[in-house]
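Novice: Let me begin by handing over the structure; questions about it come next.
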Amino acid sequence: MKAKVKKLRFGLPKGSLQEATIEKMAKAGFNISVSSRSYVPYVDDEELEVRLIRAQEISRYVELGYLDCGITGHDWIRENGSDVHEVGEFLFSKATRQPARWVLAVPEASPIKSVKDLRGKRIATEVVNLTRNYLKRHGVKAEVEFSWGATEVKAHELVDAIIELTETGSSLRANKLRIVDTLLVSTPRLIANHRAWKDRWKRHKMETLALLLRGALEAEAKVGLKMNIAEKDLPRLLQQLPALRNPTISHLSLAGWVAVETIIDERVVRELIPQLKAAGAEGIIEYPLNKVVY
């Protein structure tokens, strides 16, 4: 008789973060297929039971135990006041590798210059609790209303200010809005229900998820380099190029030559390869990485 397969109920964010999260999960080794008619995606791991749920709600369902774990933003954990265990923080967003920010924004011509100027004003936002706590910390009384969307448009006609999520600020600038202050910097988090975290099998599964996801994210900004160099030139190469302080060095079958392999930040490759060539390196190969696990 076949043993019953254990399952981990795993919530992924539906909406703006969905595509980026599924892409990162694929790089971590978990291929997820989503149907437009279903909230139950297919995943090529029979131990995972995935549900697509709005990021705003995931922390509540994890806290209540309907989900064992999930990926959602730090902002929604704070907004909901959810009591959950944080397994890991991951730096990615829907468009960049920058963290997202909830900012106070006003029209460019607005006289509002600081949070103190919001006294008696009306503010529209999706994060009502975060906004009220922010105002309370600064001793400011203002009216906070929930916004169902198109918040940037409201700033010019319907309210005095908005609290909105941004990565680069480009959308706010396009709508002729000026950032006054940052309320919260938010990154995606893998969170767990406290009871699920105490279960040995579930905890191990969640730690594996976190390890592989972190390794995939770490690999995105790095590449591997291989090259051959005459052994007599190796000290000069290592002295001139600090990025190669800890490479893997192995002897070749050709006497007097060694192979050098290292991992570096992708952004420096275009400056580094000509320097490697000038230092005597030959057969230089650059290759992408799937995961980097420290």
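Each chain in the structure tokens gets a letter, A, B and so on, in the order shown; residues start at 1 in every chain, and ligands are counted from 1 in the order they appear.
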Would you pick out the contacts of Gln18 of chain A at 12 Å or less, using only C-alpha atoms, so that residues sharing its chain but fewer than 3 positions from it are not included, and give the list as a VMD selection string?
Specialist: chain A and resid 11 to 15 21 to 25 32 to 34 39 41 51 to 55 71 to 73 92 to 95 188
Novice: Suppose we keep N, CA and C atoms; can you now write the selection as a PDB file, in the first residue's frame?
Specialist:
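As a result, again.pdb now contains:
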ATOM      1  N   GLY A  11       1.027  29.351   0.110  1.00  0.00           N
ATOM      2  CA  GLY A  11       0.339  30.448  -0.558  1.00  0.00           C
ATOM      3  C   GLY A  11       1.290  31.334  -1.345  1.00  0.00           C
ATOM      4  N   LEU A  12       0.963  31.564  -2.609  1.00  0.00           N
ATOM      5  CA  LEU A  12       1.731  32.478  -3.449  1.00  0.00           C
ATOM      6  C   LEU A  12       0.866  33.687  -3.791  1.00  0.00           C
ATOM      7  N   PRO A  13       1.494  34.861  -3.925  1.00  0.00           N
ATOM      8  CA  PRO A  13       0.713  36.083  -4.151  1.00  0.00           C
ATOM      9  C   PRO A  13       0.141  36.178  -5.559  1.00  0.00           C
ATOM     10  N   LYS A  14      -1.159  36.410  -5.632  1.00  0.00           N
ATOM     11  CA  LYS A  14      -1.821  36.644  -6.914  1.00  0.00           C
ATOM     12  C   LYS A  14      -1.842  38.145  -7.163  1.00  0.00           C
ATOM     13  N   GLY A  15      -1.555  38.543  -8.401  1.00  0.00           N
ATOM     14  CA  GLY A  15      -1.560  39.970  -8.712  1.00  0.00           C
ATOM     15  C   GLY A  15      -0.209  40.448  -9.179  1.00  0.00           C
ATOM     16  N   THR A  21       7.205  36.128  -8.637  1.00  0.00           N
ATOM     17  CA  THR A  21       7.344  35.047  -7.657  1.00  0.00           C
ATOM     18  C   THR A  21       7.427  33.692  -8.343  1.00  0.00           C
ATOM     19  N   ILE A  22       6.574  33.462  -9.330  1.00  0.00           N
ATOM     20  CA  ILE A  22       6.594  32.176 -10.047  1.00  0.00           C
ATOM     21  C   ILE A  22       7.913  32.006 -10.805  1.00  0.00           C
ATOM     22  N   GLU A  23       8.425  33.096 -11.353  1.00  0.00           N
ATOM     23  CA  GLU A  23       9.727  33.053 -12.049  1.00  0.00           C
ATOM     24  C   GLU A  23      10.839  32.680 -11.076  1.00  0.00           C
ATOM     25  N   LYS A  24      10.833  33.283  -9.878  1.00  0.00           N
ATOM     26  CA  LYS A  24      11.875  32.966  -8.888  1.00  0.00           C
ATOM     27  C   LYS A  24      11.735  31.521  -8.396  1.00  0.00           C
ATOM     28  N   MET A  25      10.488  31.064  -8.227  1.00  0.00           N
ATOM     29  CA  MET A  25      10.271  29.686  -7.803  1.00  0.00           C
ATOM     30  C   MET A  25      10.805  28.704  -8.838  1.00  0.00           C
ATOM     31  N   ILE A  32       5.883  25.979 -11.685  1.00  0.00           N
ATOM     32  CA  ILE A  32       4.473  26.192 -11.357  1.00  0.00           C
ATOM     33  C   ILE A  32       3.733  26.647 -12.604  1.00  0.00           C
ATOM     34  N   SER A  33       2.626  25.985 -12.902  1.00  0.00           N
ATOM     35  CA  SER A  33       1.785  26.354 -14.042  1.00  0.00           C
ATOM     36  C   SER A  33       0.458  26.887 -13.521  1.00  0.00           C
ATOM     37  N   VAL A  34       0.053  28.055 -14.042  1.00  0.00           N
ATOM     38  CA  VAL A  34      -1.160  28.708 -13.572  1.00  0.00           C
ATOM     39  C   VAL A  34      -2.192  28.742 -14.678  1.00  0.00           C
ATOM     40  N   TYR A  39      -7.481  28.836  -9.121  1.00  0.00           N
ATOM     41  CA  TYR A  39      -6.598  29.378  -8.091  1.00  0.00           C
ATOM     42  C   TYR A  39      -5.712  28.282  -7.509  1.00  0.00           C
ATOM     43  N   PRO A  41      -2.788  26.189  -8.750  1.00  0.00           N
ATOM     44  CA  PRO A  41      -1.805  25.935  -9.802  1.00  0.00           C
ATOM     45  C   PRO A  41      -1.215  24.534  -9.697  1.00  0.00           C
ATOM     46  N   ARG A  51      -1.609  27.520  -3.446  1.00  0.00           N
ATOM     47  CA  ARG A  51      -2.798  28.326  -3.642  1.00  0.00           C
ATOM     48  C   ARG A  51      -2.390  29.747  -4.019  1.00  0.00           C
ATOM     49  N   LEU A  52      -3.084  30.306  -5.008  1.00  0.00           N
ATOM     50  CA  LEU A  52      -2.859  31.701  -5.395  1.00  0.00           C
ATOM     51  C   LEU A  52      -3.855  32.576  -4.646  1.00  0.00           C
ATOM     52  N   ILE A  53      -3.343  33.471  -3.824  1.00  0.00           N
ATOM     53  CA  ILE A  53      -4.179  34.337  -2.995  1.00  0.00           C
ATOM     54  C   ILE A  53      -3.581  35.742  -3.034  1.00  0.00           C
ATOM     55  N   ARG A  54      -4.415  36.740  -2.949  1.00  0.00           N
ATOM     56  CA  ARG A  54      -3.913  38.109  -2.964  1.00  0.00           C
ATOM     57  C   ARG A  54      -2.905  38.310  -1.832  1.00  0.00           C
ATOM     58  N   ALA A  55      -1.817  39.015  -2.162  1.00  0.00           N
ATOM     59  CA  ALA A  55      -0.749  39.246  -1.179  1.00  0.00           C
ATOM     60  C   ALA A  55      -1.292  39.885   0.091  1.00  0.00           C
ATOM     61  N   ILE A  71       4.312  33.354   0.670  1.00  0.00           N
ATOM     62  CA  ILE A  71       5.184  34.479   0.342  1.00  0.00           C
ATOM     63  C   ILE A  71       4.316  35.713   0.196  1.00  0.00           C
ATOM     64  N   THR A  72       4.636  36.739   0.960  1.00  0.00           N
ATOM     65  CA  THR A  72       3.905  37.996   0.887  1.00  0.00           C
ATOM     66  C   THR A  72       4.846  39.120   1.289  1.00  0.00           C
ATOM     67  N   GLY A  73       4.394  40.348   1.120  1.00  0.00           N
ATOM     68  CA  GLY A  73       5.238  41.485   1.457  1.00  0.00           C
ATOM     69  C   GLY A  73       5.247  41.763   2.958  1.00  0.00           C
ATOM     70  N   PHE A  92      13.313  40.851  -4.117  1.00  0.00           N
ATOM     71  CA  PHE A  92      12.859  40.941  -5.503  1.00  0.00           C
ATOM     72  C   PHE A  92      11.516  41.653  -5.488  1.00  0.00           C
ATOM     73  N   SER A  93      11.112  42.162  -6.637  1.00  0.00           N
ATOM     74  CA  SER A  93       9.827  42.851  -6.754  1.00  0.00           C
ATOM     75  C   SER A  93       9.303  42.615  -8.161  1.00  0.00           C
ATOM     76  N   LYS A  94       8.196  43.254  -8.492  1.00  0.00           N
ATOM     77  CA  LYS A  94       7.580  42.960  -9.782  1.00  0.00           C
ATOM     78  C   LYS A  94       8.392  43.480 -10.963  1.00  0.00           C
ATOM     79  N   ALA A  95       9.247  44.493 -10.753  1.00  0.00           N
ATOM     80  CA  ALA A  95       9.967  45.083 -11.876  1.00  0.00           C
ATOM     81  C   ALA A  95      11.479  45.133 -11.685  1.00  0.00           C
ATOM     82  N   PRO A 188       9.603  40.993  -0.057  1.00  0.00           N
ATOM     83  CA  PRO A 188       8.863  39.747   0.114  1.00  0.00           C
ATOM     84  C   PRO A 188       9.454  38.897   1.248  1.00  0.00           C
TER      85      PRO A 188
END
Novice: Can you check which parts of segment 9-85 of chain A lie within 9 Å of segment 105-129 of chain A? Per residue, the shortest pair of atoms and distance in Å to one decimal, counting only C-alpha atoms, sorted by chain and number, as JSON lines.
Specialist:
{"residue": "A:Asp75", "atom": "CA", "partner": "A:Val127", "partner_atom": "CA", "distance": 8.4}
{"residue": "A:Trp76", "atom": "CA", "partner": "A:Val127", "partner_atom": "CA", "distance": 8.2}
{"residue": "A:Arg78", "atom": "CA", "partner": "A:Asn129", "partner_atom": "CA", "distance": 8.5}
{"residue": "A:Glu79", "atom": "CA", "partner": "A:Asn129", "partner_atom": "CA", "distance": 5.6}
{"residue": "A:Asn80", "atom": "CA", "partner": "A:Asn129", "partner_atom": "CA", "distance": 7.8}
{"residue": "A:Gly81", "atom": "CA", "partner": "A:Asn129", "partner_atom": "CA", "distance": 8.9}
Novice: Would you export the selected residues with N, CA and C atoms as a short mmCIF file (atom, residue, chain, number, x, y, z; two decimals), in the first residue's frame, please?
Specialist:
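Result saved to out-v5.cif:
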data_model
loop_
_atom_site.label_atom_id
_atom_site.label_comp_id
_atom_site.auth_asym_id
_atom_site.auth_seq_id
_atom_site.Cartn_x
_atom_site.Cartn_y
_atom_site.Cartn_z
N ASP A 75 5.03 44.56 4.11
CA ASP A 75 4.02 45.60 4.32
C ASP A 75 2.67 45.01 4.72
N TRP A 76 2.27 43.90 4.09
CA TRP A 76 0.96 43.33 4.40
C TRP A 76 0.96 42.58 5.72
N ARG A 78 2.62 43.71 8.29
CA ARG A 78 2.47 44.84 9.21
C ARG A 78 1.06 45.41 9.17
N GLU A 79 0.52 45.56 7.96
CA GLU A 79 -0.82 46.14 7.81
C GLU A 79 -1.86 45.28 8.52
N ASN A 80 -1.71 43.96 8.41
CA ASN A 80 -2.67 43.05 9.02
C ASN A 80 -2.38 42.76 10.48
N GLY A 81 -1.19 43.14 10.94
CA GLY A 81 -0.80 42.83 12.32
C GLY A 81 -0.73 41.34 12.56
#
Novice: Among segment 88-139 of chain A, which residues carry a DSSP assignment of alpha helix (DSSP H), reported as a list in words?
Specialist: Val128, Asn129, Leu130, Thr131, Arg132, Asn133, Tyr134, Leu135, Lys136 and Arg137 of chain A
Novice: Output N, CA and C atoms of each residue in that selection to a file, as a compact mmCIF listing (two decimals), in the first residue's frame.
Specialist:
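Generated file (again-v4.txt):
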# COMPACT_ATOMS: atom_id res chain seq x y z
N VAL A 128 -4.44 51.38 5.28
CA VAL A 128 -5.07 52.27 6.25
C VAL A 128 -4.39 52.16 7.62
N ASN A 129 -4.12 50.96 8.08
CA ASN A 129 -3.52 50.79 9.41
C ASN A 129 -2.10 51.34 9.47
N LEU A 130 -1.31 51.06 8.44
CA LEU A 130 0.05 51.60 8.40
C LEU A 130 0.01 53.13 8.44
N THR A 131 -0.93 53.71 7.70
CA THR A 131 -1.04 55.16 7.62
C THR A 131 -1.46 55.75 8.97
N ARG A 132 -2.44 55.15 9.59
CA ARG A 132 -2.89 55.66 10.90
C ARG A 132 -1.80 55.55 11.95
N ASN A 133 -1.05 54.46 11.93
CA ASN A 133 0.06 54.33 12.88
C ASN A 133 1.15 55.36 12.61
N TYR A 134 1.39 55.64 11.35
CA TYR A 134 2.39 56.66 10.95
C TYR A 134 1.96 58.03 11.47
N LEU A 135 0.71 58.39 11.26
CA LEU A 135 0.21 59.68 11.73
C LEU A 135 0.26 59.76 13.26
N LYS A 136 -0.08 58.65 13.92
CA LYS A 136 -0.08 58.63 15.39
C LYS A 136 1.33 58.86 15.93
N ARG A 137 2.33 58.23 15.28
CA ARG A 137 3.72 58.40 15.74
C ARG A 137 4.15 59.86 15.66
Novice: Which of these, A:Arg236, A:Arg37, A:His194, A:Arg173, has the shortest distance to Glu86 of chain A once you count only C-alpha atoms?
Specialist: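 The shortest atom-to-atom distance to Glu86 of chain A comes from A:His194.
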Novice: Select, from A:Arg270, A:Pro247, A:Tyr61, A:Arg195, the residue with the minimum atom-to-atom distance to Phe10 of chain A, counting only C-alpha atoms.
Specialist: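 Among the listed residues, the smallest separation from Phe10 of chain A belongs to A:Tyr61.
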Novice: Please report the interatomic distance between atom CA of Glu152 of chain A and atom CA of Thr168 of chain A in Å with one decimal.
Specialist: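 We find that atom CA of Glu152 of chain A and atom CA of Thr168 of chain A lie 14.7 Å from each other.
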Novice: To test your reading of the structure, identify every residue in segment 18-124 of chain A that backbone DSSP assigns to strand (DSSP E), and report it as an MDAnalysis selection string.
Specialist: chainID A and resid 32:33 42:43 48:54 69:73 85:89 100:107 122:124
Novice: Rounded to one decimal, what separation in Å do you get between atom CA of Ser170 of chain A and atom CA of Ala221 of chain A?
Specialist: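 Calculated distance between atom CA of Ser170 of chain A and atom CA of Ala221 of chain A is 23.3 Å.
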Novice: Can you tell me which residues surround Ile249 of chain A at a distance of at most 10 Å, considering only C-alpha atoms, apart from same-chain residues fewer than 3 positions away, and format the answer as a CSV table (one decimal) with N, CA and C atoms, in the first residue's frame?
Specialist:
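Below you can see out.csv, which holds the result:
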chain,number,residue,atom,x,y,z
A,226,LYS,N,35.6,31.1,-16.1
A,226,LYS,CA,36.7,30.1,-16.1
A,226,LYS,C,37.8,30.6,-17.1
A,227,MET,N,39.0,30.3,-16.8
A,227,MET,CA,40.1,30.7,-17.7
A,227,MET,C,41.3,29.8,-17.4
A,228,ASN,N,42.2,29.8,-18.3
A,228,ASN,CA,43.5,29.2,-18.1
A,228,ASN,C,44.6,30.3,-18.1
A,234,LEU,N,50.2,33.6,-12.4
A,234,LEU,CA,49.1,33.6,-11.5
A,234,LEU,C,49.2,34.6,-10.3
A,246,ASN,N,39.6,34.5,-3.9
A,246,ASN,CA,39.4,33.1,-3.5
A,246,ASN,C,38.9,32.2,-4.7
A,252,LEU,N,46.5,21.9,-14.9
A,252,LEU,CA,46.1,21.3,-16.2
A,252,LEU,C,47.1,20.2,-16.5
A,258,VAL,N,47.6,26.5,-15.2
A,258,VAL,CA,46.5,26.2,-14.3
A,258,VAL,C,45.2,26.7,-14.8
A,259,ALA,N,44.1,26.1,-14.3
A,259,ALA,CA,42.8,26.6,-14.6
A,259,ALA,C,42.3,27.4,-13.4
A,260,VAL,N,41.7,28.5,-13.6
A,260,VAL,CA,41.1,29.4,-12.6
A,260,VAL,C,39.6,29.5,-12.8
A,261,GLU,N,38.9,29.3,-11.7
A,261,GLU,CA,37.4,29.4,-11.8
A,261,GLU,C,36.9,30.2,-10.6
A,262,THR,N,36.0,31.2,-10.8
A,262,THR,CA,35.5,32.0,-9.8
A,262,THR,C,34.1,32.5,-10.1
Novice: Find the residue from A:Val268, A:Leu165, A:Val180, A:Ala196 that sits nearest to Arg101 of chain A; use only C-alpha atoms when measuring.
Specialist: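 When distances to Arg101 of chain A are compared using only C-alpha atoms, the smallest one comes from A:Leu165.
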Novice: When you draw a straight line from atom CA of Leu183 of chain A to atom CA of Gln56 of chain A, how long is it in Å?
Specialist: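 Distance between the two atoms: 17.3 Å.
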